[in-house]
$ cat run_19.txt   # compact mmCIF, C-alpha atoms and all ligand atoms
# COMPACT_ATOMS: atom_id res chain seq x y z
CA MET A 1 7.87 13.61 43.65
CA THR A 2 4.31 12.53 42.95
CA ARG A 3 3.14 9.11 41.80
CA ILE A 4 0.83 9.20 38.79
CA THR A 5 -0.89 6.52 36.73
CA VAL A 6 -1.76 7.48 33.17
CA ASN A 7 -3.19 5.26 30.45
CA VAL A 8 -0.97 6.14 27.48
CA ASP A 9 -1.99 4.66 24.11
CA GLY A 10 -3.80 1.87 25.92
CA VAL A 11 -0.99 1.00 28.34
CA SER A 12 -1.21 1.86 32.03
CA CYS A 13 1.94 3.74 33.14
CA THR A 14 2.73 4.42 36.79
CA ASP A 15 5.64 6.77 37.45
CA GLU A 16 7.07 9.19 39.98
CA VAL A 17 7.20 12.70 38.52
CA GLU A 18 8.00 16.18 39.72
CA PRO A 19 4.75 18.13 40.17
CA ARG A 20 6.05 20.77 37.74
CA MET A 21 6.76 18.30 34.92
CA LEU A 22 4.86 19.08 31.72
CA LEU A 23 2.80 16.33 30.12
CA VAL A 24 4.82 16.56 26.89
CA HIS A 25 8.07 15.97 28.79
CA TYR A 26 6.50 13.07 30.67
CA LEU A 27 5.35 11.48 27.41
CA ARG A 28 8.69 11.91 25.65
CA GLU A 29 11.24 11.46 28.43
CA VAL A 30 9.54 9.05 30.82
CA VAL A 31 7.15 7.02 28.63
CA GLY A 32 9.27 7.26 25.47
CA LYS A 33 6.54 8.60 23.17
CA VAL A 34 8.90 10.67 21.06
CA GLY A 35 6.37 10.91 18.24
CA THR A 36 4.92 13.82 20.20
CA VAL A 37 7.22 16.76 19.64
CA VAL A 38 7.98 20.14 21.18
CA GLY A 39 7.93 23.14 18.89
CA CYS A 40 7.68 26.12 21.19
CA ASP A 41 6.98 25.06 24.80
CA THR A 42 4.72 28.09 25.14
CA SER A 43 1.40 26.73 23.80
CA ASN A 44 1.68 28.57 20.48
CA CYS A 45 2.53 26.00 17.81
CA GLY A 46 0.40 22.90 18.52
CA ALA A 47 3.20 20.46 17.64
CA CYS A 48 2.73 18.76 21.02
CA THR A 49 -1.02 18.12 20.62
CA VAL A 50 -2.32 14.84 22.08
CA HIS A 51 -5.76 13.67 23.18
CA LEU A 52 -6.62 13.75 26.87
CA ASP A 53 -9.76 11.66 27.43
CA GLY A 54 -10.48 11.95 23.73
CA ARG A 55 -10.14 15.73 23.36
CA SER A 56 -7.13 17.52 21.94
CA VAL A 57 -4.84 19.41 24.29
CA LYS A 58 -1.46 21.05 23.85
CA SER A 59 0.60 18.81 26.08
CA CYS A 60 3.10 21.59 26.84
CA ASN A 61 0.21 23.37 28.48
CA VAL A 62 -0.81 20.51 30.79
CA LEU A 63 1.08 19.16 33.80
CA ALA A 64 1.76 15.45 33.91
CA VAL A 65 0.01 15.29 37.30
CA GLN A 66 -3.16 16.65 35.67
CA ALA A 67 -3.25 13.52 33.49
CA ASP A 68 -3.21 11.25 36.55
CA GLY A 69 -6.07 8.76 36.22
CA HIS A 70 -6.83 9.81 32.64
CA ASP A 71 -6.40 8.44 29.11
CA VAL A 72 -3.83 9.99 26.81
CA THR A 73 -3.60 9.13 23.12
CA THR A 74 -0.54 10.20 21.17
CA ILE A 75 0.14 10.00 17.46
CA GLU A 76 1.75 6.63 18.20
CA GLY A 77 -1.55 5.22 19.46
CA LEU A 78 -3.73 6.40 16.60
CA SER A 79 -3.30 3.49 14.20
CA SER A 80 -4.92 0.17 15.01
CA ASN A 81 -4.06 -3.39 13.93
CA GLY A 82 -1.17 -2.05 11.88
CA GLU A 83 -3.52 0.12 9.77
CA LEU A 84 -3.03 3.85 9.55
CA HIS A 85 -5.86 5.95 10.94
CA PRO A 86 -7.84 7.51 8.04
CA MET A 87 -6.41 10.92 8.98
CA GLN A 88 -2.84 9.58 8.80
CA ALA A 89 -3.60 7.93 5.45
CA ALA A 90 -5.14 11.15 4.10
CA PHE A 91 -2.06 13.20 5.10
CA HIS A 92 0.08 10.65 3.28
CA GLU A 93 -2.10 10.55 0.17
CA ASN A 94 -2.48 14.33 -0.08
CA HIS A 95 1.20 15.15 0.51
CA ALA A 96 0.18 17.14 3.57
CA LEU A 97 3.63 17.30 5.07
CA GLN A 98 7.01 18.67 4.15
CA CYS A 99 9.51 18.48 7.02
CA GLY A 100 6.84 16.69 9.08
CA TYR A 101 7.55 18.47 12.35
CA CYS A 102 4.04 19.85 12.76
CA THR A 103 2.41 16.65 11.50
CA PRO A 104 1.80 14.68 14.73
CA GLY A 105 0.08 17.64 16.39
CA MET A 106 -1.73 18.60 13.20
CA ILE A 107 -3.16 15.08 12.84
CA MET A 108 -4.23 14.84 16.48
CA GLN A 109 -5.97 18.22 16.24
CA ALA A 110 -7.57 17.26 12.92
CA VAL A 111 -8.98 14.03 14.37
CA ASP A 112 -10.54 16.00 17.22
CA LEU A 113 -11.94 18.53 14.73
CA VAL A 114 -13.58 15.86 12.55
CA THR A 115 -14.90 13.98 15.59
CA GLU A 116 -16.67 17.17 16.67
CA ASN A 117 -17.73 18.21 13.18
CA PRO A 118 -17.91 15.21 10.81
CA ASN A 119 -18.49 17.32 7.70
CA PRO A 120 -16.43 20.50 8.08
CA SER A 121 -16.25 23.20 5.42
CA GLU A 122 -12.85 24.42 4.27
CA GLU A 123 -13.32 27.50 6.44
CA GLU A 124 -14.20 25.35 9.48
CA ILE A 125 -11.09 23.22 8.91
CA ARG A 126 -8.89 26.32 8.74
CA VAL A 127 -10.45 27.73 11.92
CA GLY A 128 -10.19 24.35 13.67
CA LEU A 129 -6.48 24.14 12.90
CA GLU A 130 -5.62 27.75 13.68
CA GLY A 131 -3.81 26.75 16.87
CA ASN A 132 -1.42 24.53 14.90
CA LEU A 133 1.39 26.18 12.98
CA CYS A 134 3.23 24.71 10.00
CA ARG A 135 6.56 26.44 9.51
CA CYS A 136 6.76 24.93 6.02
CA THR A 137 3.41 26.68 5.33
CA GLY A 138 1.90 23.58 3.73
CA TYR A 139 -1.60 24.54 4.77
CA HIS A 140 -3.29 23.98 1.42
CA ASN A 141 -2.61 20.24 1.33
CA ILE A 142 -3.27 19.89 5.06
CA VAL A 143 -6.77 21.30 4.57
CA LYS A 144 -7.29 18.98 1.58
CA ALA A 145 -6.18 15.99 3.67
CA VAL A 146 -8.53 16.81 6.52
CA ALA A 147 -11.47 17.18 4.11
CA ALA A 148 -10.58 13.82 2.49
CA ALA A 149 -10.28 12.11 5.87
CA ALA A 150 -13.61 13.55 7.00
CA GLY A 151 -15.18 11.98 3.90
CA SER A 152 -13.62 8.56 4.47
CA MET A 153 -14.36 8.61 8.22
CA SER A 154 -18.00 9.39 7.52
CA SER A 155 -18.31 6.58 4.93
CA GLU A 156 -16.73 4.20 7.47
CA ARG A 157 -19.41 5.22 9.97
CA THR A 158 -22.15 4.64 7.38
CA GLU A 159 -20.79 1.18 6.50
CA ALA A 160 -20.59 0.23 10.19
CA ARG A 161 -24.34 0.82 10.59
S1 LIG B 1 5.19 22.78 21.94
FE1 LIG B 1 3.20 22.85 22.73
S2 LIG B 1 2.18 24.34 21.57
FE2 LIG B 1 4.23 24.41 20.84
S1 LIG B 2 5.53 20.23 7.46
FE1 LIG B 2 7.22 21.34 8.25
S2 LIG B 2 6.35 22.41 9.92
FE2 LIG B 2 4.65 21.59 8.92

$ encode --input "run_19.txt" --output "structure tokens"
Amino acid sequence: MTRITVNVDGVSCTDEVEPRMLLVHYLREVVGKVGTVVGCDTSNCGACTVHLDGRSVKSCNVLAVQADGHDVTTIEGLSSNGELHPMQAAFHENHALQCGYCTPGMIMQAVDLVTENPNPSEEEIRVGLEGNLCRCTGYHNIVKAVAAAAGSMSSERTEAR
């Protein structure tokens, strides 16, 4: 077993883990962050996407020990002061989910996409989300939601200046 300390959603967690444990299993089974889900376990679907030091990663493709000493943000850490993150609000307002299984990973990937490219075109949104699969095929409203969130995130930045 290996001792790791990971800052998960702003809380420092120190645990003993097997070196082969995947980050997604650590988050769900040890830390209790069950908002992060497993769709495939083979890095195809993106359902397990979280942020590692602010960048999106598929947490079934990262070992827990690789997160030692780093910051992980899950879907559960995205809102602040009880307010939904603009991306979460946009998914809600644009009906961008059906069964909701892909949603946590889709939102985490979308936040990373808009952070990198604050004003993405529809094509850029589709390309940026190509590693995230929605089995309900609700892509149209997902793309609409990401475009809406990009708009509201950029007006928030303008107001903050
Ligand atoms: S569970 Fe990680 S990509 Fe599918
Ligand atoms: S909403 Fe069902 S998998 Fe995307």

$ closest_residue --input "run_19.txt" --among "A:Cys99, A:Ala47, A:Val65, A:Leu52" --to "Gly131 in chain A" --atoms "only C-alpha atoms"
A:Ala47

$ atom_distance --input "run_19.txt" --atom1 "CA of Val31 in chain A" --atom2 "CA of Ser79 in chain A"
18.2 Å

$ residues_near_ligand --input "run_19.txt" --ligand "ligand LIG 1 (chain B)" --cutoff "9 Å" --atoms "only C-alpha atoms and all ligand atoms" --output "list of chain:residue names"
A:Val24, A:Val37, A:Val38, A:Gly39, A:Cys40, A:Asp41, A:Thr42, A:Ser43, A:Asn44, A:Cys45, A:Gly46, A:Ala47, A:Cys48, A:Thr49, A:Val57, A:Lys58, A:Ser59, A:Cys60, A:Asn61, A:Gly105, A:Gly131, A:Asn132, A:Leu133

$ residues_near_ligand --input "run_19.txt" --ligand "ligand LIG 2 (chain B)" --cutoff "10 Å" --atoms "only C-alpha atoms and all ligand atoms" --output "VMD selection string"
chain A and resid 39 45 47 95 to 106 132 to 139 142

$ atom_distance --input "run_19.txt" --atom1 "CA of Leu129 in chain A" --atom2 "CA of His70 in chain A"
24.4 Å

$ closest_residue --input "run_19.txt" --among "A:Gly54, A:Gly151, A:Gly10, A:Pro120" --to "Met87 in chain A" --atoms "all atoms listed in the file"
A:Gly151

$ atom_distance --input "run_19.txt" --atom1 "CA of Arg28 in chain A" --atom2 "CA of Glu130 in chain A"
24.5 Å

$ closest_atom_pairs --input "run_19.txt" --of "range 23-137 of chain A" --to "range 13-18 of chain A" --cutoff "10 Å" --atoms "all atoms listed in the file" --output "JSON lines"
{"residue": "A:Tyr26", "atom": "CA", "partner": "A:Val17", "partner_atom": "CA", "distance": 7.9}
{"residue": "A:Val30", "atom": "CA", "partner": "A:Asp15", "partner_atom": "CA", "distance": 8.0}
{"residue": "A:Val31", "atom": "CA", "partner": "A:Cys13", "partner_atom": "CA", "distance": 7.6}
{"residue": "A:Leu63", "atom": "CA", "partner": "A:Glu18", "partner_atom": "CA", "distance": 9.6}
{"residue": "A:Ala64", "atom": "CA", "partner": "A:Val17", "partner_atom": "CA", "distance": 7.6}
{"residue": "A:Val65", "atom": "CA", "partner": "A:Val17", "partner_atom": "CA", "distance": 7.7}
{"residue": "A:Asp68", "atom": "CA", "partner": "A:Thr14", "partner_atom": "CA", "distance": 9.1}
{"residue": "A:Gly69", "atom": "CA", "partner": "A:Thr14", "partner_atom": "CA", "distance": 9.8}

$ closest_residue --input "run_19.txt" --among "A:Ala148, A:Val50, A:Met153, A:Ile107" --to "Gly128 in chain A" --atoms "only C-alpha atoms"
A:Ile107

$ residues_around --input "run_19.txt" --residues "Thr74 in chain A" --least-positions-apart "4" --cutoff "7 Å" --atoms "all atoms listed in the file" --output "JSON, numbers by chain"
{"A": [9, 36, 50, 51, 78]}

$ decode --input "run_19.txt" --residues "range 128-141 of chain A" --atoms "N, CA and C atoms" --output "mmCIF file, in the first residue's frame"
data_model
loop_
_atom_site.group_PDB
_atom_site.id
_atom_site.type_symbol
_atom_site.label_atom_id
_atom_site.label_comp_id
_atom_site.auth_asym_id
_atom_site.auth_seq_id
_atom_site.Cartn_x
_atom_site.Cartn_y
_atom_site.Cartn_z
ATOM 1 N N GLY A 128 -14.147 19.645 -29.106
ATOM 2 C CA GLY A 128 -13.672 19.623 -27.717
ATOM 3 C C GLY A 128 -14.350 18.564 -26.873
ATOM 4 N N LEU A 129 -15.552 18.171 -27.274
ATOM 5 C CA LEU A 129 -16.292 17.159 -26.506
ATOM 6 C C LEU A 129 -16.239 15.780 -27.160
ATOM 7 N N GLU A 130 -15.377 15.612 -28.166
ATOM 8 C CA GLU A 130 -15.453 14.344 -28.904
ATOM 9 C C GLU A 130 -15.009 13.138 -28.066
ATOM 10 N N GLY A 131 -14.313 13.380 -26.974
ATOM 11 C CA GLY A 131 -13.917 12.266 -26.113
ATOM 12 C C GLY A 131 -14.975 11.897 -25.080
ATOM 13 N N ASN A 132 -16.115 12.578 -25.149
ATOM 14 C CA ASN A 132 -17.205 12.306 -24.188
ATOM 15 C C ASN A 132 -18.424 11.806 -24.948
ATOM 16 N N LEU A 133 -18.864 10.627 -24.602
ATOM 17 C CA LEU A 133 -19.983 10.013 -25.320
ATOM 18 C C LEU A 133 -21.272 10.147 -24.520
ATOM 19 N N CYS A 134 -22.363 10.431 -25.242
ATOM 20 C CA CYS A 134 -23.692 10.461 -24.629
ATOM 21 C C CYS A 134 -24.501 9.348 -25.279
ATOM 22 N N ARG A 135 -24.807 8.337 -24.488
ATOM 23 C CA ARG A 135 -25.533 7.192 -25.064
ATOM 24 C C ARG A 135 -26.971 7.562 -25.401
ATOM 25 N N CYS A 136 -27.463 8.650 -24.790
ATOM 26 C CA CYS A 136 -28.811 9.123 -25.134
ATOM 27 C C CYS A 136 -28.767 10.010 -26.371
ATOM 28 N N THR A 137 -27.579 10.262 -26.884
ATOM 29 C CA THR A 137 -27.330 11.058 -28.102
ATOM 30 C C THR A 137 -27.925 12.465 -28.028
ATOM 31 N N GLY A 138 -27.871 13.072 -26.850
ATOM 32 C CA GLY A 138 -28.426 14.420 -26.698
ATOM 33 C C GLY A 138 -27.433 15.509 -27.046
ATOM 34 N N TYR A 139 -26.661 15.314 -28.090
ATOM 35 C CA TYR A 139 -25.552 16.234 -28.360
ATOM 36 C C TYR A 139 -26.010 17.649 -28.714
ATOM 37 N N HIS A 140 -27.139 17.762 -29.389
ATOM 38 C CA HIS A 140 -27.564 19.085 -29.857
ATOM 39 C C HIS A 140 -27.705 20.058 -28.669
ATOM 40 N N ASN A 141 -28.447 19.627 -27.656
ATOM 41 C CA ASN A 141 -28.653 20.524 -26.509
ATOM 42 C C ASN A 141 -27.389 20.676 -25.665
#
